[in-house]
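What's in data_14.txt: compact mmCIF, C-alpha atoms
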```txt
# COMPACT_ATOMS: atom_id res chain seq x y z
CA MET A 1 26.46 3.57 -23.48
CA ASN A 2 22.79 3.87 -22.65
CA ILE A 3 22.49 3.80 -18.87
CA PHE A 4 19.31 3.40 -16.81
CA ILE A 5 19.47 4.32 -13.12
CA VAL A 6 16.73 3.39 -10.65
CA LEU A 7 16.68 5.16 -7.27
CA ALA A 8 14.70 3.89 -4.27
CA HIS A 9 15.05 6.24 -1.29
CA PRO A 10 12.41 8.39 0.41
CA GLU A 11 14.72 11.39 0.98
CA ILE A 12 16.36 12.89 -2.12
CA ARG A 13 18.88 14.80 0.06
CA SER A 14 20.07 11.53 1.62
CA PHE A 15 23.43 9.96 0.89
CA ASN A 16 21.63 7.63 -1.53
CA GLY A 17 20.33 10.72 -3.29
CA ALA A 18 23.89 12.05 -3.45
CA LEU A 19 25.18 8.78 -4.92
CA PHE A 20 22.36 8.89 -7.48
CA ASN A 21 23.13 12.51 -8.45
CA THR A 22 26.83 11.70 -8.65
CA ALA A 23 26.09 8.83 -11.01
CA VAL A 24 23.83 10.89 -13.27
CA GLU A 25 26.31 13.77 -13.52
CA THR A 26 29.41 11.63 -13.91
CA LEU A 27 27.93 9.38 -16.57
CA LYS A 28 26.48 12.27 -18.58
CA ALA A 29 29.81 14.12 -18.40
CA ALA A 30 31.51 10.97 -19.70
CA GLY A 31 29.27 11.12 -22.78
CA HIS A 32 26.76 8.41 -21.90
CA LYS A 33 23.01 8.71 -22.35
CA VAL A 34 21.21 8.47 -19.03
CA GLU A 35 17.58 7.66 -18.18
CA VAL A 36 16.35 7.55 -14.59
CA SER A 37 13.46 6.29 -12.51
CA ASP A 38 13.34 8.01 -9.13
CA LEU A 39 10.67 5.73 -7.71
CA TYR A 40 9.71 7.76 -4.61
CA ARG A 41 9.39 11.06 -6.51
CA MET A 42 7.41 9.23 -9.23
CA ASN A 43 5.03 7.92 -6.54
CA PHE A 44 5.56 4.56 -8.14
CA HIS A 45 2.77 2.11 -7.23
CA ALA A 46 4.60 -0.72 -5.44
CA VAL A 47 1.92 -3.39 -5.56
CA SER A 48 1.65 -5.81 -8.45
CA ASP A 49 -1.99 -6.14 -9.51
CA ARG A 50 -4.37 -5.36 -12.40
CA SER A 51 -2.93 -1.84 -12.58
CA ASN A 52 0.05 -3.40 -14.40
CA PHE A 53 -2.15 -3.87 -17.43
CA ALA A 54 -4.32 -1.92 -19.85
CA THR A 55 -5.67 -5.26 -21.09
CA VAL A 56 -7.64 -7.96 -19.29
CA LYS A 57 -7.37 -11.60 -20.31
CA ASP A 58 -9.55 -13.05 -17.53
CA PRO A 59 -11.76 -10.57 -15.68
CA ASP A 60 -12.95 -13.16 -13.12
CA TYR A 61 -9.75 -14.68 -11.82
CA PHE A 62 -6.44 -12.84 -11.62
CA ARG A 63 -3.49 -15.01 -12.66
CA GLN A 64 -0.59 -12.62 -12.95
CA GLN A 65 1.49 -14.67 -15.40
CA VAL A 66 -1.52 -15.25 -17.65
CA GLU A 67 -2.17 -11.49 -17.76
CA GLU A 68 1.56 -10.79 -18.33
CA THR A 69 1.76 -13.27 -21.18
CA TYR A 70 -1.32 -11.76 -22.81
CA ALA A 71 -0.09 -8.20 -22.33
CA SER A 72 3.26 -9.24 -23.86
CA GLU A 73 1.47 -10.60 -26.93
CA VAL A 74 -0.85 -7.66 -27.54
CA GLY A 75 1.15 -4.74 -26.11
CA GLY A 76 -1.19 -4.47 -23.17
CA PHE A 77 0.93 -3.09 -20.36
CA SER A 78 -0.24 0.05 -18.61
CA PRO A 79 1.70 3.17 -19.72
CA GLU A 80 3.81 3.40 -16.54
CA ILE A 81 4.89 -0.24 -16.81
CA GLU A 82 5.51 -0.01 -20.56
CA ALA A 83 7.74 3.03 -19.94
CA GLU A 84 9.85 1.11 -17.40
CA ILE A 85 10.18 -1.98 -19.61
CA LYS A 86 11.26 0.26 -22.51
CA LYS A 87 14.02 1.80 -20.36
CA ILE A 88 15.35 -1.65 -19.54
CA GLU A 89 15.20 -2.70 -23.21
CA TRP A 90 16.96 0.53 -24.21
CA CYS A 91 19.85 0.40 -21.75
CA ASP A 92 23.25 -1.26 -21.97
CA LEU A 93 23.79 -0.87 -18.23
CA MET A 94 21.18 -0.77 -15.46
CA ILE A 95 22.09 0.59 -12.02
CA TRP A 96 19.94 0.22 -8.90
CA GLN A 97 20.70 2.76 -6.15
CA PHE A 98 19.15 1.88 -2.78
CA PRO A 99 19.67 1.44 0.94
CA LEU A 100 19.78 -2.21 2.04
CA TRP A 101 16.60 -2.66 4.09
CA TRP A 102 16.05 -6.04 5.73
CA PHE A 103 18.70 -7.77 3.61
CA SER A 104 16.96 -6.60 0.42
CA VAL A 105 15.70 -3.67 -1.63
CA PRO A 106 13.06 -1.27 -0.25
CA GLY A 107 9.46 -2.35 -0.90
CA ILE A 108 8.99 0.28 -3.61
CA LEU A 109 11.82 -1.30 -5.63
CA LYS A 110 10.60 -4.84 -4.96
CA GLY A 111 7.19 -3.78 -6.25
CA TRP A 112 8.86 -2.29 -9.32
CA ILE A 113 10.64 -5.61 -9.97
CA ASP A 114 7.39 -7.58 -9.52
CA ARG A 115 5.46 -5.34 -11.92
CA VAL A 116 8.06 -4.57 -14.58
CA PHE A 117 9.78 -7.94 -15.06
CA ALA A 118 6.81 -9.55 -16.78
CA ILE A 119 6.83 -13.07 -18.17
CA GLY A 120 6.82 -13.09 -21.96
CA ARG A 121 8.29 -9.65 -22.50
CA THR A 122 11.28 -9.88 -20.11
CA TYR A 123 11.84 -13.61 -19.43
CA GLY A 124 10.33 -17.07 -19.63
CA TYR A 125 9.21 -19.69 -22.13
CA GLY A 126 12.73 -21.08 -22.20
CA LYS A 127 14.44 -17.71 -21.97
CA ILE A 128 16.20 -17.55 -18.59
CA TYR A 129 19.83 -17.35 -17.44
CA GLU A 130 22.15 -18.20 -20.39
CA THR A 131 19.30 -17.68 -22.85
CA GLY A 132 17.89 -14.66 -20.99
CA ILE A 133 16.25 -11.89 -22.97
CA PHE A 134 18.60 -9.22 -21.59
CA LYS A 135 21.79 -11.04 -22.62
CA GLY A 136 24.53 -8.56 -23.49
CA LYS A 137 23.36 -5.98 -20.94
CA LYS A 138 25.08 -5.33 -17.63
CA ALA A 139 23.64 -4.58 -14.21
CA LEU A 140 25.08 -3.00 -11.07
CA LEU A 141 23.78 -2.85 -7.51
CA SER A 142 24.85 0.36 -5.76
CA LEU A 143 23.82 0.26 -2.12
CA THR A 144 24.37 1.55 1.36
CA THR A 145 24.10 -0.44 4.58
CA GLY A 146 23.20 0.39 8.16
CA GLY A 147 25.77 -1.92 9.75
CA PRO A 148 29.56 -1.73 9.35
CA LYS A 149 31.57 -3.80 6.87
CA GLU A 150 32.56 -6.38 9.52
CA ALA A 151 28.89 -7.22 10.05
CA TYR A 152 28.69 -8.36 6.43
CA GLU A 153 31.74 -10.65 6.36
CA LYS A 154 31.21 -14.42 6.32
CA GLU A 155 31.64 -14.62 10.10
CA GLY A 156 30.03 -11.25 10.81
CA PHE A 157 26.71 -11.03 12.60
CA ASN A 158 24.72 -10.59 9.39
CA GLY A 159 26.86 -12.97 7.30
CA ASP A 160 28.35 -12.65 3.82
CA ILE A 161 27.01 -9.68 1.84
CA ASN A 162 27.21 -11.73 -1.37
CA ALA A 163 24.78 -14.25 0.11
CA ILE A 164 22.46 -11.38 1.05
CA LEU A 165 22.55 -9.94 -2.48
CA ARG A 166 22.08 -13.33 -4.16
CA PRO A 167 18.30 -13.07 -4.68
CA LEU A 168 18.90 -9.81 -6.56
CA GLN A 169 22.06 -10.64 -8.49
CA ARG A 170 21.15 -14.21 -9.34
CA GLY A 171 17.37 -14.16 -8.96
CA VAL A 172 16.71 -11.05 -11.03
CA PHE A 173 19.83 -10.01 -12.98
CA SER A 174 21.31 -13.39 -14.01
CA PHE A 175 17.86 -14.92 -14.31
CA THR A 176 16.88 -12.41 -17.01
CA GLY A 177 20.26 -12.57 -18.77
CA PHE A 178 22.14 -9.57 -17.37
CA ASP A 179 25.85 -9.78 -16.69
CA VAL A 180 26.48 -8.62 -13.13
CA LEU A 181 29.15 -6.09 -12.19
CA GLN A 182 30.78 -6.13 -8.74
CA PRO A 183 28.28 -4.44 -6.40
CA HIS A 184 29.19 -0.96 -5.19
CA ILE A 185 28.69 -0.81 -1.43
CA VAL A 186 29.11 2.08 0.99
CA TYR A 187 28.95 0.64 4.48
CA SER A 188 27.23 2.62 7.20
CA PRO A 189 27.39 6.13 5.68
CA VAL A 190 25.42 7.41 8.67
CA ARG A 191 28.38 6.63 10.95
CA ILE A 192 31.22 8.13 8.90
CA SER A 193 32.39 11.75 8.73
CA PRO A 194 31.30 14.27 6.07
CA GLU A 195 34.84 14.06 4.65
CA GLU A 196 34.59 10.29 4.36
CA ARG A 197 31.20 10.59 2.68
CA ALA A 198 32.66 13.06 0.18
CA GLU A 199 35.47 10.59 -0.49
CA ALA A 200 32.93 7.82 -1.01
CA LEU A 201 31.09 9.94 -3.61
CA ASN A 202 34.38 10.63 -5.31
CA ALA A 203 35.31 6.94 -5.36
CA PHE A 204 31.93 6.12 -6.96
CA ALA A 205 32.45 8.82 -9.60
CA GLN A 206 35.91 7.47 -10.38
CA ARG A 207 34.59 3.95 -10.75
CA LEU A 208 31.77 5.10 -13.03
CA GLN A 209 34.15 7.00 -15.32
CA ASN A 210 35.57 3.63 -16.39
CA ILE A 211 32.46 1.51 -15.99
CA GLU A 212 32.34 0.67 -19.70
CA LYS A 213 35.58 -1.31 -19.43
CA GLU A 214 34.60 -3.33 -16.38
CA GLU A 215 34.33 -7.08 -16.68
CA PRO A 216 31.33 -8.76 -15.02
CA VAL A 217 31.64 -11.04 -12.02
CA GLU A 218 31.59 -14.75 -12.89
CA ALA A 219 28.02 -16.04 -12.56
CA GLY A 220 29.20 -18.86 -10.28
CA ARG A 221 30.09 -16.37 -7.56
CA PHE A 222 26.54 -15.70 -6.37
CA MET B 223 -1.22 -20.22 21.07
CA ASN B 224 -1.78 -16.77 19.63
CA ILE B 225 -1.12 -17.02 15.90
CA PHE B 226 -0.74 -14.15 13.44
CA ILE B 227 -1.02 -14.95 9.73
CA VAL B 228 0.00 -12.52 7.00
CA LEU B 229 -1.17 -13.19 3.43
CA ALA B 230 0.34 -11.53 0.37
CA HIS B 231 -1.43 -12.61 -2.82
CA PRO B 232 -3.54 -10.54 -5.23
CA GLU B 233 -6.14 -13.27 -5.84
CA ILE B 234 -7.94 -14.64 -2.77
CA ARG B 235 -9.21 -17.66 -4.76
CA SER B 236 -5.62 -18.63 -5.61
CA PHE B 237 -3.83 -21.63 -4.12
CA ASN B 238 -2.13 -19.21 -1.71
CA GLY B 239 -5.58 -18.07 -0.65
CA ALA B 240 -6.55 -21.71 -0.11
CA LEU B 241 -3.44 -22.35 2.01
CA PHE B 242 -4.27 -19.22 4.03
CA ASN B 243 -7.90 -20.30 4.58
CA THR B 244 -6.75 -23.81 5.50
CA ALA B 245 -4.39 -22.35 8.10
CA VAL B 246 -7.02 -20.07 9.63
CA GLU B 247 -9.64 -22.85 9.86
CA THR B 248 -7.27 -25.56 11.07
CA LEU B 249 -5.65 -23.42 13.75
CA LYS B 250 -8.98 -22.09 15.05
CA ALA B 251 -10.40 -25.61 15.13
CA ALA B 252 -7.33 -26.68 17.15
CA GLY B 253 -8.21 -24.06 19.77
CA HIS B 254 -5.70 -21.38 18.89
CA LYS B 255 -6.48 -17.68 18.67
CA VAL B 256 -5.86 -16.35 15.17
CA GLU B 257 -5.33 -12.81 13.87
CA VAL B 258 -4.76 -12.11 10.18
CA SER B 259 -3.48 -9.41 7.86
CA ASP B 260 -4.64 -10.02 4.30
CA LEU B 261 -2.46 -7.30 2.79
CA TYR B 262 -4.03 -7.08 -0.67
CA ARG B 263 -7.62 -6.94 0.64
CA MET B 264 -6.48 -4.34 3.24
CA ASN B 265 -5.03 -2.23 0.42
CA PHE B 266 -1.91 -2.07 2.56
CA HIS B 267 0.35 0.85 1.57
CA ALA B 268 3.61 -0.83 0.53
CA VAL B 269 5.92 2.18 0.58
CA SER B 270 7.81 3.17 3.73
CA ASP B 271 7.56 6.93 4.21
CA ARG B 272 6.07 9.57 6.53
CA SER B 273 2.73 7.74 6.42
CA ASN B 274 4.28 5.27 8.91
CA PHE B 275 4.01 7.96 11.57
CA ALA B 276 1.47 10.17 13.29
CA THR B 277 4.40 12.11 14.77
CA VAL B 278 7.13 14.14 13.09
CA LYS B 279 10.58 14.48 14.65
CA ASP B 280 12.22 16.40 11.80
CA PRO B 281 9.85 17.99 9.26
CA ASP B 282 12.68 19.11 6.94
CA TYR B 283 14.72 15.99 6.41
CA PHE B 284 13.30 12.47 6.51
CA ARG B 285 15.57 10.02 8.32
CA GLN B 286 13.49 6.90 8.74
CA GLN B 287 15.33 5.50 11.76
CA VAL B 288 15.19 8.84 13.55
CA GLU B 289 11.43 9.00 13.01
CA GLU B 290 11.05 5.35 14.06
CA THR B 291 13.04 5.87 17.24
CA TYR B 292 10.97 8.93 18.12
CA ALA B 293 7.67 7.18 17.33
CA SER B 294 8.81 4.27 19.51
CA GLU B 295 9.44 6.65 22.41
CA VAL B 296 6.20 8.63 22.20
CA GLY B 297 3.80 6.07 20.71
CA GLY B 298 3.76 7.91 17.42
CA PHE B 299 3.10 5.25 14.81
CA SER B 300 0.17 5.73 12.47
CA PRO B 301 -2.85 3.58 13.42
CA GLU B 302 -2.35 1.02 10.62
CA ILE B 303 1.29 0.48 11.60
CA GLU B 304 0.53 0.39 15.33
CA ALA B 305 -2.11 -2.31 14.64
CA GLU B 306 0.41 -4.47 12.80
CA ILE B 307 3.11 -4.10 15.46
CA LYS B 308 0.56 -5.02 18.13
CA LYS B 309 -0.32 -8.22 16.27
CA ILE B 310 3.36 -9.20 16.18
CA GLU B 311 3.77 -8.39 19.89
CA TRP B 312 0.61 -10.39 20.69
CA CYS B 313 1.46 -13.56 18.80
CA ASP B 314 3.41 -16.66 19.80
CA LEU B 315 3.70 -17.78 16.19
CA MET B 316 3.76 -15.63 13.04
CA ILE B 317 3.10 -17.20 9.62
CA TRP B 318 3.74 -15.49 6.28
CA GLN B 319 1.79 -16.98 3.34
CA PHE B 320 3.04 -15.83 -0.06
CA PRO B 321 4.13 -16.83 -3.56
CA LEU B 322 7.90 -16.62 -4.07
CA TRP B 323 8.36 -13.75 -6.52
CA TRP B 324 11.88 -12.97 -7.72
CA PHE B 325 13.51 -15.05 -4.97
CA SER B 326 11.65 -13.04 -2.31
CA VAL B 327 8.31 -11.89 -0.93
CA PRO B 328 5.90 -9.81 -3.06
CA GLY B 329 6.48 -6.05 -2.87
CA ILE B 330 3.40 -5.54 -0.69
CA LEU B 331 4.91 -7.81 1.98
CA LYS B 332 8.36 -6.24 1.64
CA GLY B 333 6.77 -2.84 2.19
CA TRP B 334 4.96 -4.24 5.24
CA ILE B 335 8.30 -5.45 6.65
CA ASP B 336 9.96 -2.08 5.96
CA ARG B 337 7.17 -0.13 7.67
CA VAL B 338 6.25 -2.39 10.57
CA PHE B 339 9.66 -3.57 11.80
CA ALA B 340 10.65 -0.19 13.24
CA ILE B 341 13.88 0.44 15.10
CA GLY B 342 13.27 1.00 18.79
CA ARG B 343 9.96 -0.80 19.07
CA THR B 344 10.90 -4.03 17.26
CA TYR B 345 14.73 -4.22 17.23
CA GLY B 346 17.92 -2.26 17.69
CA TYR B 347 19.95 -0.44 20.31
CA GLY B 348 21.68 -3.70 21.19
CA LYS B 349 18.60 -5.86 20.74
CA ILE B 350 19.20 -8.08 17.71
CA TYR B 351 19.57 -11.83 17.16
CA GLU B 352 20.17 -13.58 20.54
CA THR B 353 18.95 -10.49 22.41
CA GLY B 354 16.15 -9.79 19.91
CA ILE B 355 12.93 -8.24 21.17
CA PHE B 356 10.79 -11.10 19.81
CA LYS B 357 12.72 -13.85 21.60
CA GLY B 358 10.44 -16.74 22.56
CA LYS B 359 8.22 -16.30 19.49
CA LYS B 360 8.30 -18.55 16.45
CA ALA B 361 7.98 -17.73 12.76
CA LEU B 362 7.09 -19.80 9.72
CA LEU B 363 7.40 -19.06 6.01
CA SER B 364 4.65 -20.78 3.99
CA LEU B 365 5.23 -20.30 0.30
CA THR B 366 4.60 -21.52 -3.20
CA THR B 367 7.03 -21.46 -6.11
CA GLY B 368 6.74 -21.20 -9.87
CA GLY B 369 9.54 -23.65 -10.65
CA PRO B 370 9.68 -27.33 -9.69
CA LYS B 371 11.52 -28.68 -6.62
CA GLU B 372 14.59 -29.69 -8.67
CA ALA B 373 15.12 -26.05 -9.66
CA TYR B 374 15.63 -25.18 -5.99
CA GLU B 375 18.18 -27.89 -5.11
CA LYS B 376 21.80 -26.86 -4.61
CA GLU B 377 22.67 -27.81 -8.20
CA GLY B 378 19.29 -26.77 -9.63
CA PHE B 379 19.03 -23.79 -11.96
CA ASN B 380 17.87 -21.43 -9.20
CA GLY B 381 20.08 -22.94 -6.48
CA ASP B 382 19.34 -23.92 -2.87
CA ILE B 383 15.98 -22.69 -1.60
CA ASN B 384 17.49 -22.17 1.86
CA ALA B 385 19.94 -19.66 0.39
CA ILE B 386 17.04 -17.90 -1.33
CA LEU B 387 15.05 -17.66 1.91
CA ARG B 388 18.03 -16.51 3.98
CA PRO B 389 17.31 -12.76 3.84
CA LEU B 390 13.86 -13.50 5.29
CA GLN B 391 14.68 -16.21 7.80
CA ARG B 392 17.96 -14.73 9.00
CA GLY B 393 17.58 -11.07 8.02
CA VAL B 394 14.11 -10.54 9.48
CA PHE B 395 13.10 -13.46 11.74
CA SER B 396 16.39 -14.32 13.47
CA PHE B 397 17.50 -10.69 13.44
CA THR B 398 14.49 -9.66 15.53
CA GLY B 399 14.70 -12.70 17.84
CA PHE B 400 12.19 -15.15 16.33
CA ASP B 401 12.91 -18.87 16.32
CA VAL B 402 12.43 -20.15 12.78
CA LEU B 403 10.38 -23.23 11.92
CA GLN B 404 11.15 -25.33 8.83
CA PRO B 405 9.62 -23.42 5.89
CA HIS B 406 6.51 -24.95 4.34
CA ILE B 407 6.91 -25.04 0.58
CA VAL B 408 4.52 -26.18 -2.14
CA TYR B 409 6.48 -26.33 -5.37
CA SER B 410 4.80 -25.32 -8.60
CA PRO B 411 1.13 -25.70 -7.59
CA VAL B 412 0.15 -24.38 -11.01
CA ARG B 413 1.60 -27.51 -12.64
CA ILE B 414 0.10 -30.20 -10.40
CA SER B 415 -3.37 -31.79 -10.57
CA PRO B 416 -6.39 -30.65 -8.51
CA GLU B 417 -6.05 -33.88 -6.51
CA GLU B 418 -2.40 -33.11 -5.73
CA ARG B 419 -3.35 -29.59 -4.69
CA ALA B 420 -6.03 -30.98 -2.36
CA GLU B 421 -3.41 -33.32 -0.90
CA ALA B 422 -1.04 -30.40 -0.39
CA LEU B 423 -3.73 -28.47 1.53
CA ASN B 424 -4.34 -31.55 3.62
CA ALA B 425 -0.64 -31.96 4.37
CA PHE B 426 -0.45 -28.32 5.48
CA ALA B 427 -3.48 -28.79 7.77
CA GLN B 428 -1.92 -31.89 9.29
CA ARG B 429 1.34 -30.09 9.96
CA LEU B 430 -0.46 -27.14 11.54
CA GLN B 431 -2.45 -29.40 13.88
CA ASN B 432 0.82 -30.20 15.66
CA ILE B 433 2.65 -26.92 15.07
CA GLU B 434 2.85 -26.18 18.79
CA LYS B 435 5.19 -29.13 19.34
CA GLU B 436 7.56 -28.33 16.48
CA GLU B 437 11.16 -27.54 17.28
CA PRO B 438 12.76 -24.63 15.44
CA VAL B 439 15.51 -25.05 12.87
CA GLU B 440 18.99 -24.39 14.25
CA ALA B 441 19.94 -20.78 13.53
CA GLY B 442 23.22 -21.88 11.90
CA ARG B 443 21.31 -23.47 9.04
CA PHE B 444 20.48 -20.26 7.21
```

As structure tokens:
Amino acid sequence: MNIFIVLAHPEIRSFNGALFNTAVETLKAAGHKVEVSDLYRMNFHAVSDRSNFATVKDPDYFRQQVEETYASEVGGFSPEIEAEIKKIEWCDLMIWQFPLWWFSVPGILKGWIDRVFAIGRTYGYGKIYETGIFKGKKALLSLTTGGPKEAYEKEGFNGDINAILRPLQRGVFSFTGFDVLQPHIVYSPVRISPEERAEALNAFAQRLQNIEKEEPVEAGRF
Amino acid sequence: MNIFIVLAHPEIRSFNGALFNTAVETLKAAGHKVEVSDLYRMNFHAVSDRSNFATVKDPDYFRQQVEETYASEVGGFSPEIEAEIKKIEWCDLMIWQFPLWWFSVPGILKGWIDRVFAIGRTYGYGKIYETGIFKGKKALLSLTTGGPKEAYEKEGFNGDINAILRPLQRGVFSFTGFDVLQPHIVYSPVRISPEERAEALNAFAQRLQNIEKEEPVEAGRF
């Protein structure tokens, strides 16, 4: 498979960095082709604005979807956005590796979503959900949390983790046509032992070795 | 009341800009004190990293919560972060004005959340939810959507808007102790007439004139 991994963590030696490195190595060793976007090390610009585009449709008034539609028609995305869209178009499986910050992705990854998932090229004009442009591709959230697993149960103090991940799994992945794999979650790595963290890396590697055979979660679940 | 309004939209002449201006004018005219953060015009840095801090606890390995805890103890936030935290501490009501992008806030606002809501100073060490540091303050989401209202009903193609807003209302507001007011939503302003948009601005102004008397939504709702 062609696999695209996006990493959003400020410290490459963090446990998120280790999960990312584990994924890259494991998937390459299994014979897959791997492309990555390590957003912090790329200094990825996290703010959606005119920098998304090489072209300008309306210089006086910035309507993002108008500019996106125009750029989709004429190939007018800026090189760094074009490169990211191409990686999504190329891949069979997209993985996002990130720490859950405020019930969501870090700002740098949210900015990446805002800029890269442009109307016209990646969704819209009738092409959403069942008719989504990325139909046939799969997507996987791989994340860590601050709080323990109990905090993310239905009755836990933060509530059901699936409800927390819904804007990402439904709002981005399903919306653009991706099938969604069961999210891979390591709860509270900061509070477990080095041995447990090593086990968690190993469990992720084992899962990834067979990722090609995994069936997606039913869309109704999130 | 002291009211803090955050705006996240790239085009100040947009309908979001108009809602923001309406809020500022209406609330000032009603005798409230108003502070604002217009994130795009401030060129707010949307990526959480060492730029959050004037101090350094560990120069070799960046652990955000360790740096936040230290900065909270010694007053070590960078000036632009300290200014934002002070506005939150000062206010009785905080309003976020934004377009709903990918079931969430724009990246620039997510980055603001990541950087400004620091552990120690704004939450944590036992102080979350019922014991949250911002207890007694209120918060209001004021947003616009691309899709029509029907798309955001329980059986609509995007599903219940309350579920979509949960990571913000529960994950940020309730988590840090804010009481949450009913969100103010203008659906699909791009598809309604200029007269309907003027009416929508008027309705927002009318609501804000009595905002002081509004009761928060019960926390169980989201």

Residue nearest chain B among A:Phe44, A:Phe157, A:Phe103, A:Phe53 (counting only C-alpha atoms): A:Phe103

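Residue nearest chain A, chosen from B:Ser270, B:Gln428, B:Ser300, B:Thr398 and counting only C-alpha atoms: B:Ser270.
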
Excluding Phe395 of chain B and its own-chain neighbours fewer than 5 positions away, which residues fall within 9 Å of it when counting all atoms listed in the file? Please give them as number ranges by chain. B: 351, 356, 360-362, 389-390, 400-402

Kindly export the residues of the current selection with C-alpha atoms, as a tab-separated table (two decimals), in the frame of the given file.
```
chain	number	residue	atom	x	y	z
B	351	TYR	CA	19.57	-11.83	17.16
B	356	PHE	CA	10.79	-11.10	19.81
B	360	LYS	CA	8.30	-18.55	16.45
B	361	ALA	CA	7.98	-17.73	12.76
B	362	LEU	CA	7.09	-19.80	9.72
B	389	PRO	CA	17.31	-12.76	3.84
B	390	LEU	CA	13.86	-13.50	5.29
B	400	PHE	CA	12.19	-15.15	16.33
B	401	ASP	CA	12.91	-18.87	16.32
B	402	VAL	CA	12.43	-20.15	12.78
```

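When chain B is laid over chain A and all C-alpha atoms are paired one by one, the RMSD comes to 0.0 Å.
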
Please report as a PyMOL selection string which residues of chain B come no farther than 8 Å from chain A, using all atoms listed in the file. chain B and resi 232-233+235+268-271+283-285+323-326+328-336+380+385-386+388-390+392-394

Can you list, as a ChimeraX atom specification, every protein, DNA or RNA residue that comes within 8 Å of Ile119 of chain A when you count all atoms listed in the file, leaving out same-chain residues fewer than 3 positions away? /A:65,68-69,72,122-124

Do you know which residues are at most 8 Å from Pro183 of chain A counting only C-alpha atoms, after dropping those on the same chain fewer than 5 positions away, and could you put them as a PyMOL selection string? chain A and resi 140-143

Please return as JSON, numbers by chain every residue within 10 Å of (22.2, 2.2, 1.1), taking into account all atoms listed in the file and the file's own coordinates. {"A": [8, 9, 14, 15, 16, 17, 19, 97, 98, 99, 100, 101, 105, 106, 142, 143, 144, 145, 146, 184, 185, 186, 187, 188, 189, 190]}

Coordinates-based distance that separates atom CA of Val116 of chain A from atom CA of Glu80 of chain A (Å, one decimal): 9.2 Å

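For Leu430 of chain B, the non-local neighbours within 9 Å, defined as residues at least 2 positions apart in the same chain or in other chains and counting all atoms listed in the file, are Ala245, Thr248, Leu249, Ala252, Ala425, Phe426, Ala427, Gln428, Asn432, Ile433 and Glu434 of chain B.
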
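If you look at atom CA of Glu257 of chain B and atom CA of Phe226 of chain B, they are 4.8 Å away from each other.
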
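Straight-line separation from atom CA of Lys57 of chain A to atom CA of Arg121 of chain A: 15.9 Å.
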
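With distances restricted to all atoms listed in the file, B:Gly342 is the closest residue to Glu295 of chain B from B:Gly342, B:Ile307, B:Asn424, B:Lys250.
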
Pull the neighbourhood of (17.2, 0.0, -18.3) for me: all residues within 10 Å in file coordinates, counting all atoms listed in the file, as a VMD selection string. chain A and resid 2 to 6 34 to 37 84 to 96 134 137 to 139

Where's the centre, and what are the edge lengths in Å to one decimal, of a box along x, y and z enclosing all listed atoms of segment 88-97 of chain A padded 8 Å per side, as AutoDock Vina command-line options?
```
--center_x 19.5 --center_y 0.0 --center_z -15.2 --size_x 24.6 --size_y 21.5 --size_z 34.1
```
